>>> print(open('data.txt').read())   # compact mmCIF, C-alpha atoms and all ligand atoms
# COMPACT_ATOMS: atom_id res chain seq x y z
CA MET A 983 14.18 -3.76 29.55
CA THR A 984 15.48 -7.31 29.92
CA HIS A 985 17.48 -9.14 27.25
CA ALA A 986 14.55 -11.55 26.80
CA GLU A 987 12.35 -8.55 25.95
CA MET A 988 15.00 -7.07 23.67
CA ASP A 989 15.36 -10.37 21.79
CA GLU A 990 12.01 -9.57 20.13
CA LEU A 991 13.12 -6.07 19.13
CA TYR A 992 16.56 -6.34 17.49
CA ASP A 993 15.14 -6.94 14.00
CA LEU A 994 12.92 -3.85 14.14
CA TYR A 995 15.77 -1.88 15.71
CA ALA A 996 18.08 -2.90 12.86
CA LEU A 997 15.47 -1.85 10.31
CA GLY A 998 15.02 1.52 12.02
CA ALA A 999 11.36 0.60 12.43
CA LEU A 1000 11.27 0.44 16.23
CA GLU A 1001 9.30 3.03 18.22
CA THR A 1002 11.58 5.94 19.20
CA ASP A 1003 11.09 5.30 22.91
CA LEU A 1004 12.13 1.64 22.71
CA ALA A 1005 14.94 2.40 20.26
CA SER A 1006 16.50 4.98 22.59
CA GLN A 1007 16.29 2.52 25.48
CA ILE A 1008 18.33 0.10 23.40
CA ASP A 1009 20.67 2.93 22.30
CA GLU A 1010 21.39 3.81 25.93
CA HIS A 1011 21.89 0.19 26.87
CA VAL A 1012 24.25 -0.47 23.94
CA ALA A 1013 26.22 2.65 24.88
CA ASP A 1014 26.97 0.80 28.15
CA ASP A 1015 29.04 -1.58 26.04
CA CYS A 1016 26.77 -4.66 26.19
CA GLY A 1017 28.39 -7.35 24.05
CA TYR A 1018 25.20 -9.44 24.00
CA CYS A 1019 23.19 -6.62 22.43
CA ILE A 1020 25.88 -5.54 19.97
CA ASP A 1021 26.17 -9.14 18.84
CA HIS A 1022 22.41 -9.49 18.42
CA ILE A 1023 22.00 -6.16 16.60
CA HIS A 1024 24.87 -7.21 14.37
CA LYS A 1025 23.08 -10.47 13.51
CA ALA A 1026 19.75 -8.70 12.98
CA VAL A 1027 21.27 -6.17 10.58
CA ASN A 1028 23.04 -8.87 8.63
CA ALA A 1029 19.87 -10.95 8.43
CA THR A 1030 17.74 -8.03 7.20
CA ALA A 1031 20.45 -6.82 4.83
CA MET A 1032 20.79 -10.32 3.39
CA LEU A 1033 17.02 -10.64 3.03
CA SER A 1034 16.89 -7.46 1.02
CA GLY A 1035 19.78 -8.61 -1.17
CA LEU A 1036 21.89 -5.62 -0.17
CA VAL A 1037 24.94 -7.56 0.98
CA ASP A 1038 26.22 -11.06 0.52
CA PRO A 1039 26.52 -13.21 3.65
CA ALA A 1040 30.22 -12.30 4.15
CA GLU A 1041 29.40 -10.11 7.20
CA PRO A 1042 31.48 -7.05 6.22
CA PRO A 1043 31.12 -5.39 9.63
CA ALA A 1044 33.01 -8.33 11.23
CA GLU A 1045 35.84 -7.77 8.76
CA VAL A 1046 35.85 -4.05 9.41
CA ARG A 1047 36.02 -4.82 13.08
CA ARG A 1048 38.95 -7.24 12.69
CA ARG A 1049 40.86 -4.73 10.57
CA LEU A 1050 40.30 -1.97 13.09
CA MET A 1051 41.32 -4.24 15.96
CA ALA A 1052 44.55 -5.11 14.16
CA SER A 1053 45.46 -1.50 13.42
CA VAL A 1054 44.56 -0.09 16.81
CA ARG A 1055 46.57 -2.53 19.03
CA PRO A 1056 45.43 -1.00 22.29
CA ALA A 1057 47.54 -1.13 25.47
CA PRO A 1058 46.13 -3.84 27.77
CA LYS A 1059 45.02 -1.26 30.31
CA GLN A 1060 42.91 0.58 27.79
CA SER A 1061 41.60 -2.56 26.22
CA ARG A 1062 38.03 -2.27 27.40
CA ARG A 1063 37.81 1.37 26.31
CA TRP A 1064 39.21 0.63 22.85
CA ASN A 1065 36.93 -2.34 22.53
CA PHE A 1066 34.02 -0.04 23.14
CA LEU A 1067 35.22 2.37 20.44
CA VAL A 1068 35.65 -0.47 17.97
CA ASP A 1069 32.18 -1.68 18.87
CA ALA A 1070 30.85 1.83 18.40
CA LEU A 1071 32.43 1.94 14.94
CA ALA A 1072 30.98 -1.48 14.16
CA VAL A 1073 27.58 -0.23 15.28
CA ALA A 1074 28.00 2.83 13.06
CA CYS A 1075 28.64 0.50 10.11
CA LEU A 1076 25.54 -1.46 11.04
CA VAL A 1077 23.51 1.73 11.18
CA LEU A 1078 24.67 2.58 7.66
CA LEU A 1079 23.58 -0.87 6.51
CA ALA A 1080 20.26 -0.44 8.27
CA VAL A 1081 19.75 2.88 6.49
CA GLY A 1082 20.34 1.01 3.23
CA VAL A 1083 17.69 -1.55 4.17
CA TRP A 1084 15.32 1.25 5.18
CA SER A 1085 15.87 3.00 1.82
CA ASN A 1086 14.94 -0.23 0.10
CA VAL A 1087 11.71 -0.44 2.11
CA GLU A 1088 10.97 3.22 1.34
CA LEU A 1089 11.67 2.63 -2.35
CA THR A 1090 9.22 -0.28 -2.42
CA ARG A 1091 6.59 1.92 -0.74
CA ARG A 1092 7.11 4.66 -3.34
CA GLN A 1093 6.91 2.13 -6.17
CA HIS A 1094 3.53 1.02 -4.83
CA ILE A 1095 2.28 4.61 -4.78
CA LEU A 1096 3.59 5.13 -8.31
CA GLN A 1097 1.82 1.97 -9.52
CA HIS A 1098 -1.40 3.22 -7.95
CA VAL A 1099 -1.07 6.61 -9.67
CA LEU A 1100 -0.29 4.96 -13.02
CA ALA A 1101 -3.32 2.66 -12.67
CA GLU A 1102 -5.51 5.71 -12.01
CA ARG A 1103 -4.02 7.55 -14.97
CA ASN A 1104 -4.65 4.57 -17.26
CA GLN A 1105 -8.24 4.36 -16.02
CA LEU A 1106 -8.83 8.04 -16.77
CA ARG A 1107 -7.29 7.61 -20.20
CA THR A 1108 -9.67 4.73 -20.93
CA ALA A 1109 -12.58 6.82 -19.61
CA LEU A 1110 -11.72 9.70 -21.95
CA GLU A 1111 -11.40 7.31 -24.85
CA ILE A 1112 -14.86 5.79 -24.20
CA MET A 1113 -16.40 9.23 -23.68
CA ALA A 1114 -14.92 10.51 -26.93
CA ARG A 1115 -16.42 7.75 -29.09
CA ALA A 1116 -19.08 9.08 -31.43
CA GLN A 1117 -21.56 6.29 -30.63
CA THR A 1118 -21.22 6.61 -26.86
CA ARG A 1119 -24.53 7.52 -25.18
CA THR A 1120 -24.69 9.83 -22.17
CA VAL A 1121 -27.22 9.20 -19.41
CA GLN A 1122 -27.57 11.88 -16.76
CA PHE A 1123 -28.62 11.11 -13.20
CA GLY A 1124 -29.48 13.18 -10.13
CA GLN A 1125 -30.74 16.75 -10.41
CA SER A 1126 -29.53 19.00 -7.62
CA ASN A 1127 -26.10 19.61 -6.17
CA ASN A 1128 -26.98 18.03 -2.85
CA VAL A 1129 -27.80 14.51 -3.98
CA ALA A 1130 -25.57 12.13 -5.91
CA HIS A 1131 -25.54 13.26 -9.50
CA GLY A 1132 -23.46 12.71 -12.58
CA ARG A 1133 -23.33 10.87 -15.88
CA VAL A 1134 -23.03 7.35 -17.17
CA PHE A 1135 -21.34 7.00 -20.54
CA VAL A 1136 -22.47 3.84 -22.30
CA SER A 1137 -20.41 2.63 -25.22
CA PRO A 1138 -22.16 0.45 -27.84
CA ASN A 1139 -19.83 -2.47 -27.01
CA GLY A 1140 -21.08 -2.35 -23.43
CA THR A 1141 -18.20 -0.63 -21.64
CA PHE A 1142 -19.25 2.00 -19.10
CA VAL A 1143 -17.83 5.12 -17.52
CA MET A 1144 -19.57 6.49 -14.46
CA ILE A 1145 -18.70 9.97 -13.20
CA GLY A 1146 -20.43 10.88 -9.96
CA SER A 1147 -20.44 13.96 -7.72
CA ASP A 1148 -21.84 14.54 -4.23
CA LEU A 1149 -21.50 10.84 -3.54
CA PRO A 1150 -22.05 9.84 0.10
CA ALA A 1151 -18.96 9.63 2.34
CA ILE A 1152 -18.10 6.04 3.33
CA ALA A 1153 -16.00 4.49 6.12
CA SER A 1154 -12.42 3.48 5.26
CA ASP A 1155 -13.37 -0.22 5.37
CA ARG A 1156 -16.21 0.26 2.86
CA THR A 1157 -16.29 0.65 -0.90
CA PHE A 1158 -18.81 1.50 -3.62
CA GLU A 1159 -19.70 -1.35 -5.93
CA LEU A 1160 -21.28 -0.90 -9.34
CA TRP A 1161 -23.88 -3.44 -10.49
CA LEU A 1162 -25.36 -4.17 -13.89
CA ILE A 1163 -29.08 -4.81 -13.47
CA PRO A 1164 -30.21 -7.26 -16.17
CA ALA A 1165 -33.30 -6.50 -18.24
CA LYS A 1166 -36.31 -8.79 -17.80
CA GLY A 1167 -35.76 -12.06 -19.68
CA ALA A 1168 -32.08 -11.31 -20.25
CA ALA A 1169 -29.93 -14.36 -20.94
CA ILE A 1170 -27.28 -13.37 -18.37
CA GLY A 1171 -29.68 -14.13 -15.50
CA ALA A 1172 -31.80 -12.13 -13.12
CA ALA A 1173 -29.16 -11.33 -10.48
CA PRO A 1174 -27.20 -8.04 -10.52
CA VAL A 1175 -23.75 -8.52 -12.08
CA PRO A 1176 -20.79 -7.06 -10.10
CA ALA A 1177 -19.10 -4.37 -12.23
CA GLY A 1178 -16.19 -3.19 -10.13
CA LEU A 1179 -15.28 -1.32 -6.96
CA PHE A 1180 -14.53 2.38 -6.56
CA ARG A 1181 -14.22 4.99 -3.83
CA PRO A 1182 -15.10 8.68 -3.78
CA ASN A 1183 -12.34 11.27 -3.26
CA GLU A 1184 -12.52 13.80 -0.40
CA SER A 1185 -14.94 16.02 -2.29
CA GLY A 1186 -17.32 13.12 -3.01
CA THR A 1187 -16.40 12.69 -6.67
CA ALA A 1188 -15.53 9.41 -8.37
CA VAL A 1189 -14.78 8.09 -11.84
CA HIS A 1190 -15.34 4.42 -12.47
CA VAL A 1191 -14.65 2.52 -15.68
CA TYR A 1192 -16.13 -0.88 -16.45
CA GLN A 1193 -14.22 -2.41 -19.34
CA GLU A 1194 -15.52 -5.92 -19.79
CA PRO A 1195 -17.91 -5.63 -22.72
CA VAL A 1196 -21.45 -6.89 -22.07
CA ASN A 1197 -24.47 -7.08 -24.34
CA ILE A 1198 -26.00 -3.66 -23.74
CA GLN A 1199 -29.45 -4.91 -24.85
CA GLN A 1200 -29.55 -7.11 -21.75
CA ILE A 1201 -28.82 -4.35 -19.22
CA ALA A 1202 -31.73 -2.33 -17.87
CA ALA A 1203 -29.85 -0.17 -15.35
CA VAL A 1204 -26.67 0.33 -13.38
CA ALA A 1205 -26.81 0.58 -9.58
CA VAL A 1206 -24.34 1.48 -6.82
CA THR A 1207 -24.26 0.01 -3.31
CA VAL A 1208 -21.94 0.39 -0.32
CA GLU A 1209 -20.06 -2.87 0.36
CA PRO A 1210 -17.22 -4.17 2.57
CA SER A 1211 -13.82 -3.07 1.16
CA GLN A 1212 -13.15 -6.35 -0.66
CA GLY A 1213 -16.49 -6.07 -2.50
CA SER A 1214 -19.36 -8.54 -2.65
CA LEU A 1215 -20.61 -11.09 -5.17
CA ALA A 1216 -24.20 -9.94 -4.59
CA PRO A 1217 -25.40 -6.60 -3.15
CA THR A 1218 -25.54 -6.60 0.67
CA THR A 1219 -27.14 -3.13 0.99
CA GLN A 1220 -29.88 -1.22 -0.82
CA PRO A 1221 -28.49 0.69 -3.80
CA PHE A 1222 -28.30 4.44 -3.15
CA LEU A 1223 -28.21 5.00 -6.88
CA VAL A 1224 -30.10 3.27 -9.71
CA VAL A 1225 -29.63 4.70 -13.21
CA PRO A 1226 -31.80 3.24 -16.00
CA ILE A 1227 -29.75 3.05 -19.18
CA ALA A 1228 -32.11 1.16 -21.48
ZN ZN A 1301 22.35 -5.87 26.40
>>> encode(input="data.txt", output="structure tokens", more="lines below")
Ligand SMILES: [Zn+2]
Amino acid sequence: MTHAEMDELYDLYALGALETDLASQIDEHVADDCGYCIDHIHKAVNATAMLSGLVDPAEPPAEVRRRLMASVRPAPKQSRRWNFLVDALAVACLVLLAVGVWSNVELTRRQHILQHVLAERNQLRTALEIMARAQTRTVQFGQSNNVAHGRVFVSPNGTFVMIGSDLPAIASDRTFELWLIPAKGAAIGAAPVPAGLFRPNESGTAVHVYQEPVNIQQIAAVAVTVEPSQGSLAPTTQPFLVVPIA
């Protein structure tokens, strides 16, 4: 690998995010005492550490290095060897910093997962609350175990919970979208109203809650289509499920 090629990689290397193969190529090269690379890795680690707010811009590894240099006072003959050791120590410090940056990245990733789980928990809580209301109506759909079947819970204020089983599997870049199909002559217009996106789990089950109250008198049915992952403003496929709720 040339230095021009490595110039693109120091940041990822410092973050510990570089492919193992490329990282070990740099490791081997740095072990040959290349000042250019050590300097660039140093800068990359400081830049990423600063970005993540882990250290202030005082470049502690440079200070560590100066202190070590002062205390070691190598004989001139051994100078190059000692320099390498000091560099190795400096690199070790950088690796520790990089691990800190990596932990921060990992923490952010875990926080995202946690947020996702909490959002799901809150949705289920809302679903249970709607289902438990005395005035909530239950509409069953689908008969056998091999076709999509389940229940729609319709609350008098127009919030819905849909629980479906044996839902069709969809590609990772697709989503289900729920639609409210207006009754004939309804004031909200003739077009289906988008009512949220949801995906089935591995066993084909899904729970979807629609929480923006609508006038239930104006809704004839709910329908589900398969849409691109960001959802659509109007259905782009035929609904595989239409459940009359009137
Ligand atoms: Zn180099």
>>> atom_distance(input="data.txt", atom1="atom CA of A:Arg1091", atom2="atom CA of A:Thr1157")
22.9 Å
>>> closest_atom_pairs(input="data.txt", of="chain A", to="ligand ZN 1301 (chain A)", cutoff="7 Å", atoms="all atoms listed in the file", output="Markdown table")
| residue | atom | partner | partner_atom | distance |
| --- | --- | --- | --- | --- |
| A:His985 | CA | A:ZN1301 | ZN | 5.9 |
| A:His1011 | CA | A:ZN1301 | ZN | 6.1 |
| A:Val1012 | CA | A:ZN1301 | ZN | 6.2 |
| A:Cys1016 | CA | A:ZN1301 | ZN | 4.6 |
| A:Gly1017 | CA | A:ZN1301 | ZN | 6.6 |
| A:Tyr1018 | CA | A:ZN1301 | ZN | 5.2 |
| A:Cys1019 | CA | A:ZN1301 | ZN | 4.1 |
>>> write_last_selection(input="data.txt", atoms="C-alpha atoms", output="compact mmCIF listing (two decimals), in the frame of the given file")
# COMPACT_ATOMS: atom_id res chain seq x y z
CA HIS A 985 17.48 -9.14 27.25
CA HIS A 1011 21.89 0.19 26.87
CA VAL A 1012 24.25 -0.47 23.94
CA CYS A 1016 26.77 -4.66 26.19
CA GLY A 1017 28.39 -7.35 24.05
CA TYR A 1018 25.20 -9.44 24.00
CA CYS A 1019 23.19 -6.62 22.43
>>> atom_distance(input="data.txt", atom1="atom CA of A:Phe1180", atom2="atom CA of A:Asn1128")
20.3 Å
>>> residues_around(input="data.txt", residues="A:Thr1187", least_positions_apart="3", cutoff="9 Å", atoms="only C-alpha atoms", output="list in words")
Ile1145, Gly1146, Ser1147, Asp1148, Leu1149, Arg1181, Pro1182, Asn1183 and Glu1184 of chain A
>>> atom_distance(input="data.txt", atom1="atom CA of A:Val1208", atom2="atom CA of A:Val1191")
17.1 Å
>>> residues_around(input="data.txt", residues="stretch 1210-1219 of chain A", least_positions_apart="4", cutoff="12 Å", atoms="only C-alpha atoms", output="PyMOL selection string")
chain A and resi 1152-1163+1172-1181+1205-1206+1223
>>> closest_residue(input="data.txt", among="A:Ala1116, A:Val1121, A:Met988, A:Met983", to="A:Val1224", atoms="all atoms listed in the file")
A:Val1121
>>> closest_residue(input="data.txt", among="A:Ala1202, A:Leu991, A:Leu1079, A:Ala1101", to="A:Ala1165", atoms="only C-alpha atoms")
A:Ala1202
>>> closest_residue(input="data.txt", among="A:Lys1166, A:Arg1119, A:Lys1025, A:Arg1107", to="A:Ile1227", atoms="all atoms listed in the file")
A:Arg1119
>>> closest_residue(input="data.txt", among="A:Glu1088, A:Glu1111, A:Asp1003, A:Asp993", to="A:His1022", atoms="all atoms listed in the file")
A:Asp993
>>> closest_residue(input="data.txt", among="A:Val1087, A:Met1144, A:Val1073, A:Ala1080", to="A:Ala1013", atoms="all atoms listed in the file")
A:Val1073
>>> closest_residue(input="data.txt", among="A:Val1196, A:Ala1188, A:Val1143, A:Val1134", to="A:Val1225", atoms="only C-alpha atoms")
A:Val1134
